[in-house]
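Enquirer: Here it is, the structure, as C-alpha cells.
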Amino acid sequence: MKLIEKQTVERTVIVGYRCDRCGNEDAKAEDWITVSHGHSQWGNDSCESVQDFDLCSPKCYLAQLRESVEEMEGYRTGEVDHKPVAFVKALLDYLEAPGSPGYESGAGAARLNYEP
Ligand SMILES: [Zn+2]
C-alpha cells in the first residue's frame, strides 16, 4: 500500500530577462544571449571565477566581452564565451581597429561607447 499525501511543489521558471550591462528588459526573447567567463586554475578560486551574463544586443555583448577579457587576462586557463581569453582579446582588437571589416561595419564603434 502506498501512503499518499498532498504536497505543493515549488519550481523556478524564467519569466523574463534583464540585461546585465544596460538593464534593458524589453528585447525579444530570441535576441538574448548569454556569455560566461572563468578559469580552471587550482583551488576554489576557479569555481568562484565562473560567471554568466545575460545580454540584450551586440553592443552589450561586445562590451561584456571586453570587460571579461580584462578580468580573465591574468589567468593562463582563462576563458571568455568558451574561448581562450587570448583569442577573444585578439578578436576584439581586430574588430576595433580602424580599417578592419568590423570597424567599417560599425562593430568597432562600440569600443568608443560601450556604456548605454
Ligand atoms: Zn543591454
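Ligands are numbered from 1 in the order shown, chains are lettered A, B, ... in the order of the C-alpha cells, and residues start at 1 in each chain.
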As a quick test: using only C-alpha atoms and all ligand atoms, which residues lie no more than 9 Å away from ligand 1? Give them as a PyMOL selection string.

Expert: chain A and resi 18-25+27+54-61+116

Enquirer: Which residues come within 6 Å of range 76-92 of chain A, counting only C-alpha atoms, excluding same-chain residues fewer than 3 positions away, as JSON, numbers by chain?

Expert: {"A": [35, 36, 37, 38, 39, 40, 69, 72, 95, 96]}

Enquirer: Quick check, in Å to one decimal: how far apart do CA of Val15 in chain A and CA of Arg66 in chain A lie?

Expert: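 Those two atoms sit 28.3 Å apart.
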
Enquirer: Please, what distance in Å, to one decimal, runs between CA of Ala63 in chain A and CA of Lys28 in chain A?

Expert: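 CA of Lys28 in chain A lies at a distance of 19.6 Å from CA of Ala63 in chain A.
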
Enquirer: Assign secondary structure with DSSP using the backbone only, and return the residues of range 24-111 of chain A in strand (DSSP E) as a VMD selection string.

Expert: chain A and resid 33 to 38 51 to 55 79 to 80 83 to 84

Enquirer: Do you have the CA of Tyr75 in chain A-CA of Leu62 in chain A distance handy?

Expert: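 Here the two named atoms are 20.4 Å from each other.
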